[in-house]
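Q: upload_28.txt is reproduced below (compact mmCIF, C-alpha atoms).
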# COMPACT_ATOMS: atom_id res chain seq x y z
CA MET A 1 -51.94 -7.95 34.56
CA LEU A 2 -55.62 -8.08 33.61
CA HIS A 3 -57.61 -5.15 34.99
CA ALA A 4 -61.10 -5.84 33.69
CA ILE A 5 -63.21 -7.91 31.31
CA LEU A 6 -66.23 -6.61 29.41
CA ILE A 7 -68.49 -8.53 27.05
CA ILE A 8 -70.51 -6.61 24.45
CA ASN A 9 -73.29 -8.31 22.50
CA LYS A 10 -73.69 -7.92 18.76
CA ALA A 11 -76.04 -4.94 19.18
CA GLY A 12 -73.57 -2.95 21.29
CA GLY A 13 -75.15 -3.67 24.66
CA LEU A 14 -72.97 -4.45 27.64
CA ILE A 15 -73.82 -7.93 28.90
CA TYR A 16 -70.99 -8.55 31.37
CA ASN A 17 -68.37 -6.48 33.12
CA ARG A 18 -66.06 -7.19 36.01
CA ASP A 19 -63.10 -5.33 37.54
CA PHE A 20 -60.28 -7.33 39.04
CA THR A 21 -57.81 -4.67 40.19
CA GLU A 22 -57.71 -1.07 41.33
CA GLY A 23 -55.85 -0.05 38.17
CA LEU A 24 -58.79 1.70 36.49
CA ALA A 25 -61.09 4.50 37.53
CA LYS A 26 -64.31 3.37 39.19
CA LEU A 27 -67.25 3.88 36.86
CA THR A 28 -70.96 3.58 37.51
CA SER A 29 -72.83 0.84 35.68
CA ASN A 30 -74.44 3.52 33.53
CA GLU A 31 -71.03 4.85 32.47
CA TYR A 32 -69.98 1.32 31.59
CA LEU A 33 -73.05 0.96 29.39
CA VAL A 34 -72.23 4.21 27.60
CA MET A 35 -68.62 3.13 27.19
CA ALA A 36 -69.65 -0.19 25.65
CA GLY A 37 -71.99 1.54 23.23
CA THR A 38 -69.31 4.04 22.23
CA PHE A 39 -66.75 1.32 21.73
CA HIS A 40 -69.15 -0.67 19.60
CA GLY A 41 -69.79 2.32 17.32
CA VAL A 42 -66.14 3.32 17.07
CA HIS A 43 -65.19 -0.27 16.35
CA ALA A 44 -67.51 -0.26 13.34
CA ILE A 45 -66.14 3.06 12.02
CA THR A 46 -62.50 2.04 12.39
CA SER A 47 -62.95 -0.62 9.73
CA ARG A 48 -64.49 1.97 7.38
CA ILE A 49 -61.73 4.59 7.63
CA SER A 50 -58.94 2.21 6.75
CA PRO A 51 -56.47 3.67 4.20
CA VAL A 52 -55.91 0.18 2.83
CA SER A 53 -58.60 -2.18 1.65
CA PRO A 54 -60.53 -4.37 3.87
CA SER A 55 -59.68 -3.91 7.48
CA SER A 56 -60.99 -5.47 10.65
CA GLY A 57 -62.27 -3.31 13.45
CA MET A 58 -60.01 -2.10 16.22
CA GLU A 59 -57.98 -4.90 17.80
CA VAL A 60 -55.79 -3.10 20.33
CA LEU A 61 -56.16 0.34 21.85
CA GLU A 62 -53.04 1.71 23.53
CA THR A 63 -52.88 4.42 26.16
CA ASP A 64 -50.08 5.25 28.58
CA THR A 65 -51.84 3.64 31.55
CA PHE A 66 -53.64 0.64 30.05
CA LYS A 67 -54.37 -1.33 26.88
CA ILE A 68 -57.72 -2.55 25.62
CA PHE A 69 -57.68 -5.74 23.60
CA CYS A 70 -60.80 -6.46 21.59
CA PHE A 71 -61.55 -10.00 20.48
CA GLN A 72 -64.58 -10.28 18.22
CA THR A 73 -66.14 -13.69 17.65
CA LEU A 74 -67.71 -14.76 14.37
CA THR A 75 -71.16 -14.14 15.84
CA GLY A 76 -70.32 -10.50 16.61
CA VAL A 77 -69.84 -10.76 20.36
CA LYS A 78 -66.91 -8.62 21.54
CA PHE A 79 -64.68 -9.52 24.48
CA LEU A 80 -62.77 -6.52 25.80
CA LEU A 81 -59.80 -7.28 28.00
CA ILE A 82 -58.28 -4.28 29.73
CA THR A 83 -54.68 -4.89 30.73
CA ASP A 84 -51.46 -3.22 31.78
CA PRO A 85 -49.68 -1.26 29.01
CA SER A 86 -46.81 -3.76 29.20
CA GLN A 87 -49.01 -6.69 28.08
CA ALA A 88 -47.86 -7.86 24.63
CA ASN A 89 -50.90 -9.94 23.66
CA VAL A 90 -53.92 -11.70 25.16
CA ASP A 91 -54.33 -14.59 22.74
CA VAL A 92 -54.48 -17.20 25.51
CA PRO A 93 -56.67 -15.31 28.03
CA SER A 94 -59.21 -14.20 25.41
CA ARG A 95 -59.54 -17.75 24.10
CA ARG A 96 -60.00 -19.06 27.63
CA VAL A 97 -62.68 -16.49 28.42
CA TYR A 98 -64.43 -17.39 25.17
CA GLU A 99 -64.36 -21.06 26.18
CA LEU A 100 -65.87 -20.21 29.56
CA TYR A 101 -68.53 -18.15 27.78
CA ALA A 102 -69.36 -21.06 25.49
CA ASP A 103 -69.44 -23.56 28.35
CA PHE A 104 -71.22 -21.65 31.09
CA VAL A 105 -73.28 -19.05 29.26
CA MET A 106 -74.27 -20.47 25.89
CA LYS A 107 -74.86 -23.95 27.25
CA ASN A 108 -76.96 -22.66 30.12
CA PRO A 109 -80.62 -23.40 29.28
CA PHE A 110 -81.82 -20.53 31.49
CA TYR A 111 -79.78 -17.88 29.70
CA ASN A 112 -81.60 -15.53 27.34
CA PRO A 113 -79.36 -14.66 24.39
CA GLU A 114 -78.25 -11.00 24.18
CA MET A 115 -79.27 -10.36 27.80
CA PRO A 116 -76.94 -9.46 30.69
CA ILE A 117 -75.05 -12.45 32.02
CA ARG A 118 -75.98 -13.22 35.62
CA ILE A 119 -74.60 -16.70 36.02
CA ASP A 120 -72.65 -17.52 39.18
CA LEU A 121 -70.78 -20.43 37.68
CA PHE A 122 -69.47 -18.27 34.82
CA ASP A 123 -68.53 -15.52 37.22
CA ALA A 124 -66.66 -17.88 39.52
CA ASN A 125 -64.75 -19.44 36.67
CA VAL A 126 -63.77 -16.07 35.20
CA GLN A 127 -62.54 -14.92 38.61
CA LYS A 128 -60.52 -18.11 38.97
CA LEU A 129 -58.99 -17.72 35.52
CA VAL A 130 -58.03 -14.11 36.10
CA ARG A 131 -56.54 -14.88 39.51
CA GLN A 132 -54.36 -17.52 37.88
CA LEU A 133 -53.30 -15.19 35.07
CA ASN A 134 -52.56 -12.26 37.34
CA ALA A 135 -50.60 -14.46 39.76
CA ALA A 136 -48.49 -15.83 36.91
CA GLY A 137 -47.41 -12.36 35.87
CA MET B 1 -43.67 -0.81 6.77
CA THR B 2 -45.07 2.35 5.48
CA ILE B 3 -46.80 5.57 6.38
CA TYR B 4 -50.23 6.05 4.82
CA ASN B 5 -51.47 9.51 5.68
CA LEU B 6 -51.60 12.38 8.13
CA TYR B 7 -54.52 14.54 9.24
CA ILE B 8 -54.17 17.71 11.30
CA PHE B 9 -57.29 18.98 13.07
CA ASP B 10 -57.56 22.39 14.69
CA ARG B 11 -59.28 23.04 18.00
CA HIS B 12 -62.60 23.56 16.23
CA CYS B 13 -62.47 20.00 14.89
CA LYS B 14 -61.80 21.20 11.35
CA CYS B 15 -59.32 19.31 9.22
CA VAL B 16 -56.69 21.97 8.34
CA SER B 17 -54.21 19.71 6.62
CA PHE B 18 -54.32 16.31 4.94
CA THR B 19 -51.41 14.52 3.32
CA SER B 20 -51.54 11.06 1.83
CA TRP B 21 -48.61 8.98 0.62
CA THR B 22 -50.74 6.30 -0.99
CA LYS B 23 -53.42 6.22 -3.65
CA PRO B 24 -57.08 6.35 -2.54
CA ARG B 25 -58.35 2.92 -1.62
CA THR B 26 -61.19 2.34 -4.05
CA THR B 27 -60.38 2.01 -7.72
CA ALA B 28 -61.00 5.37 -9.36
CA THR B 29 -63.27 5.69 -12.41
CA SER B 30 -60.40 6.65 -14.67
CA PRO B 31 -57.24 4.55 -14.67
CA GLU B 32 -54.62 6.47 -12.76
CA SER B 33 -51.15 6.91 -14.10
CA SER B 34 -49.63 8.04 -10.83
CA SER B 35 -46.72 6.16 -9.34
CA PRO B 36 -46.99 4.57 -5.88
CA GLY B 37 -44.82 7.27 -4.30
CA ASP B 38 -47.39 9.88 -5.19
CA VAL B 39 -48.44 12.49 -2.69
CA THR B 40 -51.87 14.09 -2.28
CA GLN B 41 -52.09 17.19 -0.19
CA GLY B 42 -54.60 19.82 0.68
CA THR B 43 -58.08 20.12 2.09
CA ALA B 44 -59.80 21.79 -0.87
CA LYS B 45 -63.50 21.13 -1.43
CA GLY B 46 -64.07 17.99 -3.45
CA ALA B 47 -60.76 16.44 -2.43
CA ILE B 48 -60.70 12.67 -2.10
CA GLY B 49 -59.63 11.13 1.19
CA ALA B 50 -57.61 7.98 1.78
CA THR B 51 -60.62 5.65 1.72
CA GLY B 52 -62.02 6.93 -1.56
CA MET B 53 -64.88 8.87 0.01
CA SER B 54 -64.78 12.66 0.03
CA LEU B 55 -62.17 14.09 2.36
CA GLU B 56 -64.77 16.15 4.18
CA GLU B 57 -66.78 13.05 5.13
CA GLU B 58 -63.71 11.03 5.94
CA ALA B 59 -62.21 13.71 8.16
CA LYS B 60 -65.46 13.82 10.14
CA LEU B 61 -65.34 10.07 10.70
CA VAL B 62 -61.68 10.15 11.73
CA TYR B 63 -62.29 13.05 14.07
CA GLY B 64 -65.31 11.30 15.54
CA VAL B 65 -63.29 8.18 16.24
CA VAL B 66 -60.36 9.91 17.94
CA PHE B 67 -62.66 12.23 19.88
CA SER B 68 -64.78 9.35 21.20
CA LEU B 69 -61.74 7.27 22.06
CA ARG B 70 -60.07 10.16 23.81
CA ASN B 71 -63.13 10.65 26.02
CA LEU B 72 -63.50 6.95 26.65
CA VAL B 73 -59.86 6.63 27.67
CA SER B 74 -59.87 9.68 29.92
CA LYS B 75 -62.93 8.31 31.70
CA LEU B 76 -61.29 4.96 32.38
CA ASN B 77 -58.00 6.55 33.37
CA ALA B 78 -57.35 6.39 37.09
CA LYS B 79 -54.29 8.67 36.98
CA PRO B 80 -55.20 12.26 36.18
CA GLY B 81 -52.76 14.24 34.07
CA SER B 82 -51.47 11.36 31.98
CA GLU B 83 -51.33 11.61 28.21
CA GLY B 84 -54.21 9.23 27.53
CA PHE B 85 -54.97 7.79 24.12
CA ILE B 86 -51.82 6.97 22.10
CA SER B 87 -52.81 4.66 19.26
CA TYR B 88 -55.02 1.84 18.10
CA ARG B 89 -54.40 -1.00 15.70
CA THR B 90 -56.57 -3.09 13.39
CA ASN B 91 -55.31 -5.92 11.21
CA ALA B 92 -54.69 -3.48 8.32
CA TYR B 93 -53.45 -0.22 9.81
CA LYS B 94 -52.45 1.59 12.97
CA LEU B 95 -53.67 5.05 13.91
CA HIS B 96 -51.36 7.24 16.00
CA TYR B 97 -52.68 10.20 17.90
CA PHE B 98 -51.05 13.26 19.41
CA GLU B 99 -52.79 16.27 20.90
CA THR B 100 -51.16 19.54 21.90
CA PRO B 101 -52.28 21.50 24.96
CA THR B 102 -53.92 24.00 22.60
CA GLY B 103 -56.22 21.33 21.20
CA LEU B 104 -54.45 20.78 17.91
CA LYS B 105 -54.71 17.10 16.93
CA PHE B 106 -52.26 15.12 14.80
CA VAL B 107 -53.54 11.81 13.45
CA MET B 108 -51.27 9.52 11.44
CA ASN B 109 -52.12 6.19 9.83
CA THR B 110 -49.33 3.68 9.30
CA ASP B 111 -48.67 0.01 8.82
CA PRO B 112 -49.91 -2.05 11.81
CA HIS B 113 -46.38 -3.18 12.73
CA MET B 114 -45.02 0.33 13.18
CA ASP B 115 -43.64 1.36 16.58
CA SER B 116 -45.07 4.35 18.41
CA MET B 117 -44.96 7.54 16.32
CA ARG B 118 -45.61 9.76 19.30
CA ASP B 119 -42.19 11.36 19.28
CA ALA B 120 -42.32 11.86 15.53
CA LEU B 121 -45.68 13.60 15.82
CA ARG B 122 -44.39 15.78 18.64
CA MET B 123 -41.36 16.71 16.52
CA MET B 124 -43.68 17.49 13.64
CA TYR B 125 -45.57 19.87 15.87
CA SER B 126 -42.64 21.62 17.53
CA HIS B 127 -40.25 21.76 14.57
CA ILE B 128 -42.56 22.09 11.58
CA TYR B 129 -46.01 23.30 12.62
CA VAL B 130 -44.74 25.90 15.07
CA GLU B 131 -41.93 27.05 12.77
CA TYR B 132 -43.87 27.36 9.52
CA VAL B 133 -47.50 27.83 10.54
CA THR B 134 -47.60 29.46 13.95
CA LYS B 135 -44.73 31.83 13.14
CA ASN B 136 -46.14 32.67 9.73
CA PRO B 137 -47.78 36.12 9.88
CA LEU B 138 -49.83 35.41 6.75
CA GLN B 139 -51.45 32.26 8.16
CA ARG B 140 -55.10 32.94 8.87
CA LEU B 141 -56.14 31.83 12.33
CA ASP B 142 -58.11 28.59 12.08
CA GLY B 143 -57.83 28.55 8.29
CA PRO B 144 -56.53 25.63 6.22
CA ILE B 145 -52.75 25.40 5.89
CA GLU B 146 -51.77 26.32 2.32
CA ASN B 147 -48.16 27.05 3.11
CA GLU B 148 -45.60 25.70 0.64
CA LEU B 149 -42.74 25.83 3.13
CA PHE B 150 -44.75 23.85 5.66
CA ARG B 151 -45.70 21.22 3.08
CA ASN B 152 -42.17 20.78 1.80
CA ASN B 153 -40.70 20.46 5.25
CA LEU B 154 -43.43 18.04 6.30
CA GLN B 155 -42.65 15.94 3.23
CA LYS B 156 -38.95 15.97 3.98
CA PHE B 157 -39.53 15.06 7.62
CA VAL B 158 -41.93 12.17 6.95
CA ARG B 159 -39.74 10.74 4.21
CA SER B 160 -36.80 10.73 6.61
CA LEU B 161 -38.71 8.73 9.26
CA PRO B 162 -37.40 5.20 9.81
CA GLY B 163 -40.70 3.54 8.91
CA PHE B 164 -41.17 5.21 5.52
CA GLU B 165 -40.64 2.66 2.74
Is it possible to give me this structure as structure tokens?
A:
Amino acid sequence: MLHAILIINKAGGLIYNRDFTEGLAKLTSNEYLVMAGTFHGVHAITSRISPVSPSSGMEVLETDTFKIFCFQTLTGVKFLLITDPSQANVDVPSRRVYELYADFVMKNPFYNPEMPIRIDLFDANVQKLVRQLNAAG
Amino acid sequence: MTIYNLYIFDRHCKCVSFTSWTKPRTTATSPESSSPGDVTQGTAKGAIGATGMSLEEEAKLVYGVVFSLRNLVSKLNAKPGSEGFISYRTNAYKLHYFETPTGLKFVMNTDPHMDSMRDALRMMYSHIYVEYVTKNPLQRLDGPIENELFRNNLQKFVRSLPGFE
């Protein structure tokens, strides 16, 4: 079950967020911005405090009520997928969201890089994808 | 599978105990003759942490990470009263977190494939910390833990855990 999707640009700014279920607390858009910034900073530190040599940043964060999966692209954009704690991995969904991002955001000539994503076609396709995923299990 | 290290923070965010079961990450200036099963303990000034930077700096970073994540998680959490942040994983290690109601924080780094260490950390608190630190009349409140009995029992406990290589 996918609860929410957030996209953070390479500078730590929140450029997209959408809730799909009632599984998480309702936050204001300001709180979401703060959360994205915090996550971005913590993600950078987690690779520095590794007890073994080179480590990536945080990939999965586990709590008793949800899991946050972080997929970072080569260009530094982070896709956060917040799911049920029972979710084992999000390899397929994160790849699909990345494809949608490439197709409907990056290929959109009216999109300013690093700015919040306000593109209906992207939104609709993400909603469709998540509906499919959540219906399947 | 292996266990890398363990930090204990008191309620004033001070690192009161640090134990490492691996050598510091960066290559030291002098060639070390220690065997891989070597143990570093203590929070003395000038001690080296697991990443090769000074323990003082490293403990601040670790505390900052778990503190931020704990706040982030509790904000997103719709169910009040749940335990919150349990662990996170990178491709090289996994950090396990356990906090007592008194604000004492146990942070353990292990191999990324390790199962949840929550119960182990809770055991460590109730059977070792409480027994040998809380019940020790000579332990200074909020001071670093320099107790031999505590260290030895911690060693014995961690080495008996299923994940310890």
Q: Distance cut-off 9 Å, counting all atoms listed in the file - which residues of chain A neighbour chain B? Return them as number ranges by chain.
A: A: 22-27, 31, 35, 38-39, 41-43, 45-66
Q: Would you compute the distance between CA of Thr134 in chain B and CA of Cys15 in chain B? Give it in Å to one decimal.
A: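 These two atoms are separated by 16.2 Å.
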Q: Smallest atom-to-atom distance to Asp91 in chain A: which of A:Ile8, A:Leu14, A:Cys70, A:Val34, using only C-alpha atoms?
A: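 Counting only C-alpha atoms, the residue closest to Asp91 in chain A is A:Cys70.
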Q: Quick one, how far is CA of Leu55 in chain B from CA of His12 in chain B?
A: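 So the two atoms, CA of Leu55 in chain B and CA of His12 in chain B, lie 16.8 Å apart.
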Q: One number please: CA of Gly76 in chain A to CA of Lys128 in chain A, in Å, one decimal.
A: 25.6 Å
Q: For each of A:Val126, A:Ala135, A:Leu121, A:Val77, take the minimum atom-to-atom distance to Ala4 in chain A, counting all atoms listed in the file, then give the residue where this is smallest.
A: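 Closest to Ala4 in chain A of all the choices is A:Val126.
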Q: For Ser17 in chain B, work out the shell of residues within 7 Å, counting all atoms listed in the file and skipping chain neighbours fewer than 5 positions away, then give it as a CSV table (one decimal) with C-alpha atoms, in the coordinates of the input.
A:
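Dumped to part.csv:
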chain,number,residue,atom,x,y,z
B,7,TYR,CA,-54.5,14.5,9.2
B,8,ILE,CA,-54.2,17.7,11.3
B,42,GLY,CA,-54.6,19.8,0.7
B,43,THR,CA,-58.1,20.1,2.1
B,144,PRO,CA,-56.5,25.6,6.2
B,145,ILE,CA,-52.8,25.4,5.9
Q: Can you pull out the residues contacting Lys10 in chain A? Cut-off 12 Å, using all atoms listed in the file, and skip same-chain residues under 6 positions away; I want them as a list of chain:residue names.
A: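 Near Lys10 in chain A, the qualifying residues are A:Ala36, A:Gly37, A:Phe39, A:His40, A:Gly41, A:His43, A:Ala44, A:Gln72, A:Thr73, A:Leu74, A:Thr75, A:Gly76, A:Val77, A:Lys78, A:Phe79, A:Pro113, A:Glu114, A:Met115.
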Q: Considering all atoms listed in the file, can you say which of B:Thr100, B:Phe150, B:Glu131, B:Phe9 comes closest to Lys60 in chain B?
A: B:Phe9
Q: Considering all atoms listed in the file, can you say which of A:Asn112, A:Leu80, A:Leu133, A:Asp120 comes closest to Val92 in chain A?
A: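 Closest to Val92 in chain A of all the choices is A:Leu133.
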